[in-house]
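Before any comments, here is the structure.
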Amino acid sequence: MKITVFGSGYVGLVTGVCLADAGNHVLCVDVDAERIATLEVGRCPFYEPGVEDLLARNARAGRMRFTTDPAAGVEHGEILFIAVGTPPQEDGSADLQYVLAVARTIGQHMRDYRVICTKSTVPVGTSRKVRETVASALAARGVVVDFDVVSNPEFLKEGAAVEDFMRPDRIIVGTDSARALHLMRALYAPFNRNHDRLMAMDVESAELTKYAANAMLATRISFMNELALLAEKVGADIEAVRRGIGSDPRIGYQFLYAGCGYGGSCFPKDVKALIHTGAEQGVTLGILKAVEQANAHQKTLLFTRIKAHLGSVRGKTIALWGLAFKPNTDDMREAPSRVLMEALWAEGATVHAYDPIAMEATRRLYGPRPDLILADSAEAACEGADALVLVTEWAQFRSPDFAAIKARMRNPAIFDGRNLYDPGTLRALGFHYQGIGRKG
Ligand code: NAD
């Protein structure tokens with residue numbers, strides 16, 4: 001099939017390369033000319049395992065092209081995916097300007113039937129707005145062209161995006177059009193061979209499903225984070241509690257890790273947007289407000305604890321392991337490391353940081369500054385440090401040489417924001433150790 005994807009970010013580009021790999025002819029459109037130029041020379045503008053290989057293979061096979069010309073995009077695809085950003089606005093609602101800008105462009109150029117498929121995470125009611133925007137752009141041209149709008153929310157995880165797209169748990173297709181559903185089924189057939197994972201539903205349910213999924217996951221994290229604080233007070237260990245409740249199949253083990261808070265481009269903004277949708281409809285989503293509040297508190301926890309241990313952080317050197325909001329990505333959006341670093345800087349500390357992938361993104365974010373030193377290795381970050389903080393649980397941080405690290409540090413203290421280490425082992429090695437909700 002011929003497919004156009006508007007937006008070449010994490011979601012758009014992964015959608016594009018995976019659909020091309022299944023044999024479709026994909027044209028990716030982006031307003032960012034620099035991004036398109038990068039893609040044209042076969043480079044992925046962000047870190048995502050597997051994308052560059054798929055890019056190269058499918059570009060070579062002539063199935064993958066890039067453009068900044070939206071008219072060419074509208075002309076090319078029978079299915080037009082909208083995969084642009086929907087960032088939060090001041091009031092927490094999702095900013096739909098990019099989605100609706102694409103819808104307008106489509107209406108301005110469309111000449112034949114198209115399926116317009118929203119992959120961006122958008123509040124309930126957005127498909128209707130997309131439909132109205134396309135219709136009014138068509139009306140302004142004085143033409144009548146048939147089209148359908150489909151909601152097809154994306155559930156991929158950054159860091160495992162290709163795998164998630166290739167082997168999805170479910171494919172949600174929200175539409176009231178049999179014709180559009182038929183085309184979507186055909187498109188997704190190669191990703192749906194093992195058993196039918198495609199769930200057809202009405203548009204509103206599809207739109208709400210995406211928010212419900214992210215809100216549920218964020219809720220599990222905040223629930224465990226609050227429980228971890230209680231565990232510390234009552235002398236319980238949250239890791240034991242996690243295993244204890246995870247073994248119940250009604251609960252399961254996933255997303256029950258206490259830590260220094262959730263971040264990323266999705267959970268924070270989607271929880272906010274859902275709360276806002278609730279308020280618009282006169283429904284108080286009290287649980288989600290608490291989820292957000294608990295997370296904001298959790299993100300300040302490491303700083304509070306480091307300061308309490310050191311007395312003051314002024315003039316101190318704090319080593320950070322991990323900067324990205326989670327492993328296997330360079331995404332720094334809403335990362336807990338940012339809250340920690342900014343609090344440390346505000347009180348006169350110097351940060352020695354190391355992340356396997358997100359150093360360049362950090363450099364872009366903060367620019368050169370004397371109180372941020374990006375180290376060449378995890379061990380080098382510990383040189384002269386008054387505390388080491390594990391912020392992102394990259395695999396390479398799992399079994400470090402603690403003796404070598406201790407020898408490099410000025411003060412052997414480890415604050416483990418992801419409960420990666422065994423408290424007893426580290427204390428036996430002479431470290432001051434603090435996890436989140438751990439015993440002792
Ligand atoms: P992103 O910021 O990485 O990429 C968005 C891209 O859209 C940018 O390259 C931007 O230049 C481009 N763009 C903006 N306006 C455009 C226009 N008019 N025409 C063409 N391109 C345009 O965003 P992302 O992380 O890929 O997220 C996209 C959407 O998918 C969001 O709604 C997000 O909530 C949702 N989502 C994201 C993830 C994730 O893990 N990142 C997962 C599921 C869903």
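Within each chain, counting starts at residue 1; across the structure tokens, chains are named A, B, ... in the order shown, with ligands numbered 1 upward in that order.
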
Set the cut-off to 7 Å, count only C-alpha atoms and all ligand atoms, and list whatever residues fall near ligand 1 as a VMD selection string.
-> chain A and resid 6 to 12 29 to 32 35 83 to 86 98 to 99 101 to 102 119 to 122 153 to 158 265 to 266

Quick one: pick out all alpha helix (DSSP H) residues within segment 171-392 of chain A from a backbone DSSP run and write them as a PDB file with C-alpha atoms, in the first residue's frame.
```pdb
ATOM      1  CA  ALA A 178     -16.440  -0.226   7.125  1.00  0.00           C
ATOM      2  CA  ARG A 179     -14.327   0.935   4.179  1.00  0.00           C
ATOM      3  CA  ALA A 180     -11.669   2.474   6.426  1.00  0.00           C
ATOM      4  CA  LEU A 181     -11.668  -0.555   8.727  1.00  0.00           C
ATOM      5  CA  HIS A 182     -11.119  -2.845   5.745  1.00  0.00           C
ATOM      6  CA  LEU A 183      -8.068  -0.819   4.662  1.00  0.00           C
ATOM      7  CA  MET A 184      -6.676  -0.702   8.216  1.00  0.00           C
ATOM      8  CA  ARG A 185      -7.077  -4.475   8.538  1.00  0.00           C
ATOM      9  CA  ALA A 186      -5.200  -4.976   5.287  1.00  0.00           C
ATOM     10  CA  LEU A 187      -2.413  -2.648   6.393  1.00  0.00           C
ATOM     11  CA  TYR A 188      -1.942  -4.334   9.743  1.00  0.00           C
ATOM     12  CA  VAL A 203     -13.682   6.445  17.709  1.00  0.00           C
ATOM     13  CA  GLU A 204     -14.284   7.828  21.209  1.00  0.00           C
ATOM     14  CA  SER A 205     -13.445   4.523  22.892  1.00  0.00           C
ATOM     15  CA  ALA A 206     -10.224   4.252  20.878  1.00  0.00           C
ATOM     16  CA  GLU A 207      -9.192   7.764  21.859  1.00  0.00           C
ATOM     17  CA  LEU A 208      -9.956   7.131  25.517  1.00  0.00           C
ATOM     18  CA  THR A 209      -8.213   3.725  25.544  1.00  0.00           C
ATOM     19  CA  LYS A 210      -4.823   5.314  24.975  1.00  0.00           C
ATOM     20  CA  TYR A 211      -5.204   7.744  27.878  1.00  0.00           C
ATOM     21  CA  ALA A 212      -6.654   5.034  30.096  1.00  0.00           C
ATOM     22  CA  ALA A 213      -3.618   2.802  29.436  1.00  0.00           C
ATOM     23  CA  ASN A 214      -1.048   5.471  30.282  1.00  0.00           C
ATOM     24  CA  ALA A 215      -3.042   6.714  33.261  1.00  0.00           C
ATOM     25  CA  MET A 216      -3.296   3.165  34.642  1.00  0.00           C
ATOM     26  CA  LEU A 217       0.462   2.616  34.300  1.00  0.00           C
ATOM     27  CA  ALA A 218       1.247   5.951  35.935  1.00  0.00           C
ATOM     28  CA  THR A 219      -1.171   5.050  38.724  1.00  0.00           C
ATOM     29  CA  ARG A 220       0.639   1.791  39.437  1.00  0.00           C
ATOM     30  CA  ILE A 221       3.942   3.618  39.696  1.00  0.00           C
ATOM     31  CA  SER A 222       2.639   6.360  41.995  1.00  0.00           C
ATOM     32  CA  PHE A 223       0.824   3.773  44.104  1.00  0.00           C
ATOM     33  CA  MET A 224       4.054   1.861  44.663  1.00  0.00           C
ATOM     34  CA  ASN A 225       5.984   5.068  45.302  1.00  0.00           C
ATOM     35  CA  GLU A 226       3.588   6.123  48.047  1.00  0.00           C
ATOM     36  CA  LEU A 227       3.639   2.635  49.507  1.00  0.00           C
ATOM     37  CA  ALA A 228       7.459   2.736  49.464  1.00  0.00           C
ATOM     38  CA  LEU A 229       7.414   5.823  51.666  1.00  0.00           C
ATOM     39  CA  LEU A 230       5.143   3.998  54.084  1.00  0.00           C
ATOM     40  CA  ALA A 231       7.323   0.868  53.949  1.00  0.00           C
ATOM     41  CA  GLU A 232      10.302   2.914  55.117  1.00  0.00           C
ATOM     42  CA  LYS A 233       8.348   4.210  58.107  1.00  0.00           C
ATOM     43  CA  VAL A 234       6.996   0.842  59.207  1.00  0.00           C
ATOM     44  CA  ILE A 238       8.997  -2.435  49.168  1.00  0.00           C
ATOM     45  CA  GLU A 239      10.876  -4.970  47.020  1.00  0.00           C
ATOM     46  CA  ALA A 240       9.497  -7.830  49.125  1.00  0.00           C
ATOM     47  CA  VAL A 241       6.043  -6.245  48.980  1.00  0.00           C
ATOM     48  CA  ARG A 242       6.352  -5.884  45.194  1.00  0.00           C
ATOM     49  CA  ARG A 243       7.134  -9.556  44.745  1.00  0.00           C
ATOM     50  CA  GLY A 244       4.399 -10.473  47.175  1.00  0.00           C
ATOM     51  CA  ILE A 245       1.641  -8.633  45.375  1.00  0.00           C
ATOM     52  CA  GLY A 246       2.980  -9.159  41.850  1.00  0.00           C
ATOM     53  CA  PHE A 267       2.836   9.728  31.151  1.00  0.00           C
ATOM     54  CA  PRO A 268       3.115  13.249  32.599  1.00  0.00           C
ATOM     55  CA  LYS A 269       1.334  14.942  29.719  1.00  0.00           C
ATOM     56  CA  ASP A 270      -1.306  12.255  29.217  1.00  0.00           C
ATOM     57  CA  VAL A 271      -2.250  12.176  32.905  1.00  0.00           C
ATOM     58  CA  LYS A 272      -2.565  15.972  32.793  1.00  0.00           C
ATOM     59  CA  ALA A 273      -4.635  15.906  29.619  1.00  0.00           C
ATOM     60  CA  LEU A 274      -7.001  13.260  30.989  1.00  0.00           C
ATOM     61  CA  ILE A 275      -7.542  15.263  34.178  1.00  0.00           C
ATOM     62  CA  HIS A 276      -8.326  18.243  31.960  1.00  0.00           C
ATOM     63  CA  THR A 277     -10.799  16.279  29.850  1.00  0.00           C
ATOM     64  CA  GLY A 278     -12.471  15.154  33.089  1.00  0.00           C
ATOM     65  CA  ALA A 279     -12.752  18.737  34.304  1.00  0.00           C
ATOM     66  CA  GLU A 280     -14.239  19.826  30.960  1.00  0.00           C
ATOM     67  CA  GLY A 286      -9.317  12.482  41.844  1.00  0.00           C
ATOM     68  CA  ILE A 287      -7.157   9.389  41.601  1.00  0.00           C
ATOM     69  CA  LEU A 288      -5.198  10.873  38.722  1.00  0.00           C
ATOM     70  CA  LYS A 289      -4.714  14.176  40.514  1.00  0.00           C
ATOM     71  CA  ALA A 290      -3.185  12.211  43.390  1.00  0.00           C
ATOM     72  CA  VAL A 291      -1.033  10.220  40.931  1.00  0.00           C
ATOM     73  CA  GLU A 292       0.385  13.450  39.565  1.00  0.00           C
ATOM     74  CA  GLN A 293       0.963  14.935  42.987  1.00  0.00           C
ATOM     75  CA  ALA A 294       2.687  11.799  44.281  1.00  0.00           C
ATOM     76  CA  ASN A 295       4.953  11.784  41.237  1.00  0.00           C
ATOM     77  CA  ALA A 296       5.936  15.430  41.624  1.00  0.00           C
ATOM     78  CA  HIS A 297       6.879  14.692  45.238  1.00  0.00           C
ATOM     79  CA  GLN A 298       8.787  11.552  44.272  1.00  0.00           C
ATOM     80  CA  LYS A 299      10.926  13.486  41.817  1.00  0.00           C
ATOM     81  CA  THR A 300      12.191  15.707  44.656  1.00  0.00           C
ATOM     82  CA  LEU A 301      12.968  12.799  46.970  1.00  0.00           C
ATOM     83  CA  LEU A 302      16.555  12.111  45.905  1.00  0.00           C
ATOM     84  CA  PHE A 303      17.549  15.728  46.357  1.00  0.00           C
ATOM     85  CA  THR A 304      15.956  15.940  49.811  1.00  0.00           C
ATOM     86  CA  ARG A 305      17.758  12.796  50.889  1.00  0.00           C
ATOM     87  CA  ILE A 306      21.160  13.771  49.523  1.00  0.00           C
ATOM     88  CA  LYS A 307      20.890  17.144  51.231  1.00  0.00           C
ATOM     89  CA  ALA A 308      19.821  15.568  54.510  1.00  0.00           C
ATOM     90  CA  HIS A 309      22.799  13.205  54.376  1.00  0.00           C
ATOM     91  CA  LEU A 310      25.399  15.800  53.421  1.00  0.00           C
ATOM     92  CA  PRO A 336      13.632  12.850  36.975  1.00  0.00           C
ATOM     93  CA  SER A 337      17.364  13.605  36.481  1.00  0.00           C
ATOM     94  CA  ARG A 338      16.422  17.140  35.450  1.00  0.00           C
ATOM     95  CA  VAL A 339      14.553  17.873  38.671  1.00  0.00           C
ATOM     96  CA  LEU A 340      17.501  16.538  40.659  1.00  0.00           C
ATOM     97  CA  MET A 341      20.211  18.393  38.714  1.00  0.00           C
ATOM     98  CA  GLU A 342      18.315  21.672  38.772  1.00  0.00           C
ATOM     99  CA  ALA A 343      17.791  21.419  42.548  1.00  0.00           C
ATOM    100  CA  LEU A 344      21.485  20.606  43.056  1.00  0.00           C
ATOM    101  CA  TRP A 345      22.602  23.532  40.919  1.00  0.00           C
ATOM    102  CA  ALA A 346      20.218  25.908  42.674  1.00  0.00           C
ATOM    103  CA  MET A 359      24.768  12.945  27.106  1.00  0.00           C
ATOM    104  CA  GLU A 360      24.372  14.763  23.787  1.00  0.00           C
ATOM    105  CA  ALA A 361      20.685  15.428  24.498  1.00  0.00           C
ATOM    106  CA  THR A 362      21.682  16.781  27.943  1.00  0.00           C
ATOM    107  CA  ARG A 363      24.320  19.005  26.390  1.00  0.00           C
ATOM    108  CA  ARG A 364      21.736  20.390  23.968  1.00  0.00           C
ATOM    109  CA  LEU A 365      19.287  20.979  26.815  1.00  0.00           C
ATOM    110  CA  TYR A 366      21.551  22.809  29.256  1.00  0.00           C
ATOM    111  CA  ALA A 378      30.384   5.695  34.843  1.00  0.00           C
ATOM    112  CA  GLU A 379      33.521   5.249  36.954  1.00  0.00           C
ATOM    113  CA  ALA A 380      34.972   8.617  35.913  1.00  0.00           C
ATOM    114  CA  ALA A 381      31.750  10.337  37.034  1.00  0.00           C
TER     115      ALA A 381
END
```

Picked from segment 193-250 of chain A by DSSP as strand (DSSP E), as a short mmCIF file (atom, residue, chain, number, x, y, z; two decimals) with N, CA and C atoms, in the first residue's frame:
```
data_model
loop_
_atom_site.label_atom_id
_atom_site.label_comp_id
_atom_site.auth_asym_id
_atom_site.auth_seq_id
_atom_site.Cartn_x
_atom_site.Cartn_y
_atom_site.Cartn_z
N LEU A 198 -6.21 -7.08 16.34
CA LEU A 198 -6.84 -5.82 15.96
C LEU A 198 -8.21 -5.70 16.62
N MET A 199 -8.37 -4.65 17.38
CA MET A 199 -9.64 -4.42 18.05
C MET A 199 -10.31 -3.22 17.41
N ALA A 200 -11.44 -3.50 16.77
CA ALA A 200 -12.19 -2.41 16.15
C ALA A 200 -13.19 -1.88 17.17
N MET A 201 -13.29 -0.58 17.23
CA MET A 201 -14.23 0.02 18.18
C MET A 201 -14.65 1.39 17.67
#
```

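Distances here use only C-alpha atoms; by that measure, the residue among A:Glu78, A:Asp202, A:Asp91, A:Asp331 closest to Arg114 of chain A is A:Glu78.
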
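Reported to one decimal place, the separation of atom CA of Tyr47 of chain A from atom CA of Gly159 of chain A is 8.1 Å.
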
Could you pull the residues within 8 Å of Leu80 of chain A, counting only C-alpha atoms, minus those fewer than 2 positions along the same chain, as a list in words?
-> Ile3, Thr4, Val5, Phe6, Gly73, Val74, Gly77, Glu78, Ile82, Arg114, Val115, Ile116 and Cys117 of chain A

Selected residues written out with N, CA and C atoms, as a PDB file, in the first residue's frame:
```pdb
ATOM      1  N   ILE A   3       1.568   4.690   1.775  1.00  0.00           N
ATOM      2  CA  ILE A   3       1.291   5.261   3.095  1.00  0.00           C
ATOM      3  C   ILE A   3       2.058   6.571   3.252  1.00  0.00           C
ATOM      4  N   THR A   4       1.401   7.560   3.842  1.00  0.00           N
ATOM      5  CA  THR A   4       2.105   8.794   4.202  1.00  0.00           C
ATOM      6  C   THR A   4       2.030   8.949   5.714  1.00  0.00           C
ATOM      7  N   VAL A   5       3.161   9.344   6.300  1.00  0.00           N
ATOM      8  CA  VAL A   5       3.187   9.593   7.745  1.00  0.00           C
ATOM      9  C   VAL A   5       3.603  11.049   7.970  1.00  0.00           C
ATOM     10  N   PHE A   6       2.736  11.835   8.568  1.00  0.00           N
ATOM     11  CA  PHE A   6       3.070  13.216   8.925  1.00  0.00           C
ATOM     12  C   PHE A   6       3.673  13.219  10.325  1.00  0.00           C
ATOM     13  N   GLY A  73       2.829  14.610   0.202  1.00  0.00           N
ATOM     14  CA  GLY A  73       2.392  13.616   1.189  1.00  0.00           C
ATOM     15  C   GLY A  73       0.923  13.264   1.009  1.00  0.00           C
ATOM     16  N   VAL A  74       0.094  14.253   0.823  1.00  0.00           N
ATOM     17  CA  VAL A  74      -1.349  14.017   0.674  1.00  0.00           C
ATOM     18  C   VAL A  74      -1.623  13.250  -0.620  1.00  0.00           C
ATOM     19  N   GLY A  77      -0.228   8.971  -0.212  1.00  0.00           N
ATOM     20  CA  GLY A  77      -0.760   7.872   0.603  1.00  0.00           C
ATOM     21  C   GLY A  77      -2.263   7.646   0.457  1.00  0.00           C
ATOM     22  N   GLU A  78      -2.656   6.345   0.445  1.00  0.00           N
ATOM     23  CA  GLU A  78      -4.099   6.070   0.556  1.00  0.00           C
ATOM     24  C   GLU A  78      -4.508   6.228   2.014  1.00  0.00           C
ATOM     25  N   ILE A  82      -1.352  10.747  10.958  1.00  0.00           N
ATOM     26  CA  ILE A  82      -0.935  11.965  11.670  1.00  0.00           C
ATOM     27  C   ILE A  82      -0.208  11.504  12.926  1.00  0.00           C
ATOM     28  N   ARG A 114      -9.324   9.365   0.968  1.00  0.00           N
ATOM     29  CA  ARG A 114      -8.204   9.079   1.849  1.00  0.00           C
ATOM     30  C   ARG A 114      -8.730   8.630   3.207  1.00  0.00           C
ATOM     31  N   VAL A 115      -7.942   7.733   3.838  1.00  0.00           N
ATOM     32  CA  VAL A 115      -8.188   7.444   5.257  1.00  0.00           C
ATOM     33  C   VAL A 115      -7.210   8.312   6.046  1.00  0.00           C
ATOM     34  N   ILE A 116      -7.740   9.126   6.916  1.00  0.00           N
ATOM     35  CA  ILE A 116      -6.891   9.996   7.742  1.00  0.00           C
ATOM     36  C   ILE A 116      -6.851   9.370   9.133  1.00  0.00           C
ATOM     37  N   CYS A 117      -5.656   8.996   9.529  1.00  0.00           N
ATOM     38  CA  CYS A 117      -5.536   8.141  10.698  1.00  0.00           C
ATOM     39  C   CYS A 117      -4.706   8.833  11.786  1.00  0.00           C
TER      40      CYS A 117
END
```

Show which residues sit within 7 Å of segment 123-136 of chain A, as an mmCIF file with C-alpha atoms, in the first residue's frame. Count only C-alpha atoms, and ignore same-chain residues fewer than 6 positions away.
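That gives us part34.cif:
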```cif
data_model
loop_
_atom_site.group_PDB
_atom_site.id
_atom_site.type_symbol
_atom_site.label_atom_id
_atom_site.label_comp_id
_atom_site.auth_asym_id
_atom_site.auth_seq_id
_atom_site.Cartn_x
_atom_site.Cartn_y
_atom_site.Cartn_z
ATOM 1 C CA LEU A 100 -5.127 20.261 13.168
ATOM 2 C CA ALA A 103 -5.691 18.105 8.952
ATOM 3 C CA ARG A 104 -5.954 21.533 7.285
ATOM 4 C CA ILE A 106 -4.808 17.448 3.991
ATOM 5 C CA GLY A 107 -8.063 19.274 3.231
ATOM 6 C CA VAL A 149 -11.095 9.611 9.945
ATOM 7 C CA SER A 151 -8.301 6.795 15.554
ATOM 8 C CA GLU A 204 -14.284 7.828 21.209
ATOM 9 C CA GLU A 207 -9.192 7.764 21.859
ATOM 10 C CA LEU A 208 -9.956 7.131 25.517
#
```

Neighbour list for segment 387-404 of chain A as a ChimeraX atom specification, cut-off 6 Å, only C-alpha atoms, skip fewer than 3 positions in-chain = /A:318-322,326-327,407,413-417

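Going from atom CA of Pro190 of chain A over to atom CA of Glu52 of chain A, you cover 21.0 Å.
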